[in-house]
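query-v4.txt, holding compact mmCIF, C-alpha atoms:
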```
# COMPACT_ATOMS: atom_id res chain seq x y z
CA MET G 165 0.00 0.00 0.00
CA ASN G 166 1.24 3.45 -0.94
CA ILE G 167 -0.39 6.86 -1.15
CA GLU G 168 -1.34 6.44 -4.81
CA ASP G 169 -3.03 3.10 -4.10
CA LEU G 170 -4.91 4.73 -1.22
CA ARG G 171 -6.00 7.66 -3.42
CA LYS G 172 -7.21 5.29 -6.13
CA MET G 173 -9.14 3.24 -3.58
CA CYS G 174 -10.79 6.25 -1.91
CA LEU G 175 -11.56 8.22 -5.06
CA GLY G 176 -13.10 5.08 -6.58
CA LEU G 177 -15.95 5.36 -4.06
CA PRO G 178 -19.00 7.43 -5.08
CA HIS G 179 -19.12 11.16 -4.27
CA VAL G 180 -15.67 11.23 -2.63
CA THR G 181 -13.63 14.42 -2.60
CA GLU G 182 -10.08 14.98 -1.45
CA ASP G 183 -8.68 18.00 0.28
CA ILE G 184 -5.48 19.10 2.01
CA LYS G 185 -6.20 20.17 5.60
CA TRP G 186 -3.94 21.52 8.30
CA GLY G 187 -1.22 22.11 5.71
CA HIS G 188 -0.01 18.52 5.36
CA ASP G 189 -2.90 16.04 5.68
CA LEU G 190 -4.66 14.53 2.68
CA CYS G 191 -8.29 14.03 3.66
CA PHE G 192 -10.85 11.96 1.78
CA CYS G 193 -14.41 13.07 2.41
CA ILE G 194 -17.99 12.13 1.69
CA GLY G 195 -20.41 15.03 2.00
CA GLU G 196 -17.62 17.17 3.51
CA LYS G 197 -17.12 14.64 6.33
CA MET G 198 -13.76 12.87 6.54
CA PHE G 199 -13.57 9.11 6.38
CA CYS G 200 -9.86 8.61 5.69
CA VAL G 201 -6.80 10.78 6.40
CA THR G 202 -3.12 10.41 5.57
CA GLY G 203 -0.05 12.63 5.60
CA ILE G 204 1.29 13.90 2.29
CA GLU G 205 4.89 13.70 3.48
CA GLY G 206 6.89 11.05 5.25
CA PRO G 207 6.03 7.39 5.67
CA LEU G 208 2.46 6.35 4.93
CA LYS G 209 0.27 6.52 8.04
CA VAL G 210 -3.49 6.31 7.59
CA SER G 211 -6.41 7.03 9.92
CA PHE G 212 -9.96 5.85 9.38
CA LYS G 213 -13.13 5.08 11.32
CA VAL G 214 -14.01 1.53 12.41
CA LYS G 215 -17.10 -0.03 13.96
CA ASP G 216 -17.46 0.46 17.70
CA GLU G 217 -17.16 -3.28 18.36
CA GLU G 218 -13.95 -3.54 16.25
CA PHE G 219 -12.15 -0.55 17.74
CA HIS G 220 -10.38 -2.28 20.67
CA ASP G 221 -9.39 -5.32 18.59
CA MET G 222 -7.97 -3.11 15.85
CA ALA G 223 -6.07 -0.91 18.33
CA ALA G 224 -4.54 -4.04 19.88
CA ARG G 225 -3.02 -5.14 16.57
CA PRO G 226 0.67 -4.42 15.90
CA HIS G 227 1.34 -1.06 14.22
CA ILE G 228 -2.26 0.11 14.73
CA VAL G 229 -3.14 2.55 17.53
CA PRO G 230 -6.10 4.71 18.52
CA ALA G 231 -5.95 7.79 16.29
CA PRO G 232 -4.82 10.95 18.08
CA TYR G 233 -7.64 13.48 18.68
CA VAL G 234 -10.36 11.26 17.18
CA ALA G 235 -10.05 7.94 18.99
CA ARG G 236 -13.19 8.78 20.96
CA TYR G 237 -15.04 8.59 17.63
CA LYS G 238 -13.55 5.11 17.03
CA TRP G 239 -10.81 6.10 14.61
CA VAL G 240 -7.58 4.13 14.38
CA LEU G 241 -4.17 5.07 12.99
CA VAL G 242 -2.33 2.49 10.89
CA GLU G 243 1.34 3.36 11.46
CA GLU G 244 2.77 0.78 9.04
CA PRO G 245 1.12 -0.02 5.69
CA HIS G 246 2.01 -3.72 6.00
CA ALA G 247 -0.13 -3.97 9.16
CA LEU G 248 -3.07 -4.69 6.84
CA ASN G 249 -3.14 -6.78 3.68
CA ALA G 250 -4.71 -5.49 0.45
CA LYS G 251 -8.08 -7.10 1.17
CA GLU G 252 -8.17 -5.61 4.69
CA TRP G 253 -7.26 -2.16 3.36
CA GLU G 254 -10.15 -2.35 0.91
CA HIS G 255 -12.52 -3.57 3.63
CA TYR G 256 -11.64 -1.00 6.30
CA VAL G 257 -11.49 2.01 3.98
CA SER G 258 -14.84 1.20 2.38
CA GLN G 259 -16.31 0.42 5.80
CA SER G 260 -15.13 3.80 7.10
CA TYR G 261 -16.74 5.43 4.06
CA SER G 262 -20.03 3.65 4.81
CA LEU G 263 -19.95 4.50 8.53
CA VAL G 264 -19.46 8.19 7.80
CA LYS G 265 -21.97 8.22 4.93
CA GLU G 266 -24.75 6.69 7.04
CA ASN G 267 -24.51 9.63 9.45
CA LEU G 268 -24.89 12.28 6.76
CA SER G 269 -28.03 14.38 6.72
CA LYS G 270 -30.96 13.41 4.53
CA LYS G 271 -30.48 16.65 2.59
CA VAL G 272 -26.88 15.74 1.66
CA LEU G 273 -27.83 12.17 0.71
CA ASP G 274 -30.70 13.47 -1.44
CA SER G 275 -28.31 15.82 -3.25
CA PHE G 276 -26.10 12.81 -4.08
CA ARG G 277 -29.11 10.99 -5.54
CA GLN G 278 -30.12 14.03 -7.59
CA ASN G 279 -26.61 14.56 -8.92
CA SER G 280 -26.28 10.87 -9.78
CA SER G 281 -29.52 10.82 -11.75
CA LYS G 282 -28.59 14.00 -13.64
CA LYS G 283 -25.19 12.65 -14.66
CA ASP G 284 -26.30 9.14 -15.56
CA PRO G 285 -29.71 8.98 -17.29
CA VAL G 286 -29.70 5.17 -17.03
CA LYS G 287 -30.01 5.39 -13.23
CA ARG G 288 -33.19 7.47 -13.46
CA LYS G 289 -36.39 5.67 -12.62
CA ALA G 290 -38.72 5.35 -15.54
CA SER G 291 -42.05 6.71 -14.42
CA THR G 292 -45.25 5.02 -15.59
CA LYS G 293 -47.39 7.95 -14.54
CA THR G 294 -46.97 11.35 -16.02
CA LYS G 295 -47.14 14.07 -13.46
CA LYS G 296 -48.83 17.22 -14.60
CA ALA G 297 -47.47 20.48 -13.42
CA VAL G 298 -49.91 22.08 -11.06
CA PRO G 299 -49.97 25.82 -11.51
CA LYS G 300 -49.47 27.84 -8.42
CA LYS G 301 -52.52 29.68 -7.21
CA LYS G 302 -52.26 33.36 -7.57
CA THR G 303 -53.24 35.08 -4.44
CA ALA G 304 -55.26 38.20 -5.00
CA LEU G 305 -53.71 41.13 -3.32
CA LYS G 306 -56.30 43.29 -1.71
CA LYS G 307 -55.69 46.87 -2.47
CA LYS G 308 -56.51 49.27 0.23
CA LYS G 309 -58.07 52.50 -0.79
CA VAL G 310 -55.87 55.23 0.31
CA THR G 311 -57.42 58.61 0.48
CA VAL G 312 -55.24 61.57 0.69
CA LYS G 313 -56.75 64.56 2.33
CA LYS G 314 -55.56 67.79 0.97
CA LYS G 315 -54.60 70.25 3.53
CA LYS G 316 -56.56 73.43 3.28
CA SER G 317 -54.48 76.43 2.94
CA GLY G 318 -54.81 78.93 5.71
CA ARG G 319 -55.60 81.90 3.48
CA GLY G 320 -59.11 83.03 2.89
CA SER G 321 -60.83 80.02 4.23
CA ARG G 322 -62.49 80.51 7.56
```
Translate the structure of the given file into structure tokens.
Amino acid sequence: MNIEDLRKMCLGLPHVTEDIKWGHDLCFCIGEKMFCVTGIEGPLKVSFKVKDEEFHDMAARPHIVPAPYVARYKWVLVEEPHALNAKEWEHYVSQSYSLVKENLSKKVLDSFRQNSSKKDPVKRKASTKTKKAVPKKKTALKKKKVTVKKKKSGRGSR
């Protein structure tokens, strides 16, 4: 595993973006929420989220520790790439993606669905019923009669 393999794996997942944060960390995000982080310099070290029930077992493995600052959210830091084999890398990165994605708001998830259907017409559902556009009701604005009283001039009128 190297940084290019990790990038290929992460960016191969739907709706993933990458960003450099804190000056030297490459972050992979879904809906602006991070699911995998690595440094852009130095040896490859990768952090990602794991299931609550897997956290302690993962952190007990050689070369894997609770991730600094985010361990309370069940993130681990893989300090040596060989600590996981290729199949495990694929599993844990995609699992982290899924764990983060399932906590996204309905609004964000709906925007993914809309963007997917716009880009790929094959994914659109074929509708058997044709929906007719319902015109919006025009609300009648009530006009108030405004009467303007002219001020009588003070000359000659008494």
Given only C-alpha atoms as the counted atoms, nearest of G:Leu248, G:Val257, G:Val242, G:Leu273 to Cys174 (chain G) =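 Comparing G:Leu248, G:Val257, G:Val242, G:Leu273 against Cys174 (chain G), the winner is G:Val257.
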Check your understanding: Quick one: distance from CA of Val229 (chain G) to CA of Met165 (chain G) in Å, one decimal?
Key ->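 One can read the CA of Val229 (chain G) to CA of Met165 (chain G) distance as 18.0 Å.
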Residue contacts of region 212-216 of chain G (9 Å, all atoms listed in the file) excluding same-chain residues fewer than 3 positions away, as a VMD selection string:
chain G and resid 198 to 201 219 to 220 222 231 234 to 235 237 to 242 256 to 257 259 to 261 263 to 264
Since we have the selection now, will you write its residues out, keeping C-alpha atoms, as a JSON list (two decimals), in the frame of the given file?
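New file result.json:
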```json
[["chain", "number", "residue", "atom", "x", "y", "z"],
["G", 198, "MET", "CA", -13.76, 12.87, 6.54],
["G", 199, "PHE", "CA", -13.57, 9.11, 6.38],
["G", 200, "CYS", "CA", -9.86, 8.61, 5.69],
["G", 201, "VAL", "CA", -6.80, 10.78, 6.40],
["G", 219, "PHE", "CA", -12.15, -0.55, 17.74],
["G", 220, "HIS", "CA", -10.38, -2.28, 20.67],
["G", 222, "MET", "CA", -7.97, -3.11, 15.85],
["G", 231, "ALA", "CA", -5.95, 7.79, 16.29],
["G", 234, "VAL", "CA", -10.36, 11.26, 17.18],
["G", 235, "ALA", "CA", -10.05, 7.94, 18.99],
["G", 237, "TYR", "CA", -15.04, 8.59, 17.63],
["G", 238, "LYS", "CA", -13.55, 5.11, 17.03],
["G", 239, "TRP", "CA", -10.81, 6.10, 14.61],
["G", 240, "VAL", "CA", -7.58, 4.13, 14.38],
["G", 241, "LEU", "CA", -4.17, 5.07, 12.99],
["G", 242, "VAL", "CA", -2.33, 2.49, 10.89],
["G", 256, "TYR", "CA", -11.64, -1.00, 6.30],
["G", 257, "VAL", "CA", -11.49, 2.01, 3.98],
["G", 259, "GLN", "CA", -16.31, 0.42, 5.80],
["G", 260, "SER", "CA", -15.13, 3.80, 7.10],
["G", 261, "TYR", "CA", -16.74, 5.43, 4.06],
["G", 263, "LEU", "CA", -19.95, 4.50, 8.53],
["G", 264, "VAL", "CA", -19.46, 8.19, 7.80]]
```
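Distance annotation: of G:Glu252, G:Val210, G:Gly195, G:Leu190, the residue with the minimal separation from Lys271 (chain G) is G:Gly195; atom set is all atoms listed in the file.
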Atom pair CA of Pro178 (chain G) + CA of Lys251 (chain G), distance 19.2 Å
Margin query: Rounded to one decimal, what separation in Å do you get between CA of Pro230 (chain G) and CA of Leu268 (chain G)?
Written below: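 Straight-line distance from CA of Pro230 (chain G) to CA of Leu268 (chain G) works out to 23.4 Å.
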field: For Asn166 (chain G), the nearest of the candidates G:Thr181, G:Ser258, G:Thr202, G:Ser269, counting all atoms listed in the file
entry: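 That would be G:Thr202, the residue with the smallest distance to Asn166 (chain G).
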From the options G:Val180, G:Asp169, G:Ala223, G:Gln278, which residue's atoms come nearest to Lys265 (chain G), counting only C-alpha atoms?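 Closest candidate: G:Val180.
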Nearest to Cys191 (chain G), restricted to only C-alpha atoms and choosing among G:Ala224, G:Ile167, G:Val272, G:Ala250, comes out as G:Ile167
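Residue nearest Glu244 (chain G), chosen from G:Ser275, G:Glu217, G:Glu266, G:Gly206 and counting all atoms listed in the file: G:Gly206.
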Could you pull the residues within 7 Å of Glu243 (chain G), counting all atoms listed in the file, minus those fewer than 3 positions along the same chain, as a list in words? Lys209, Val210, His227 and Ile228 of chain G
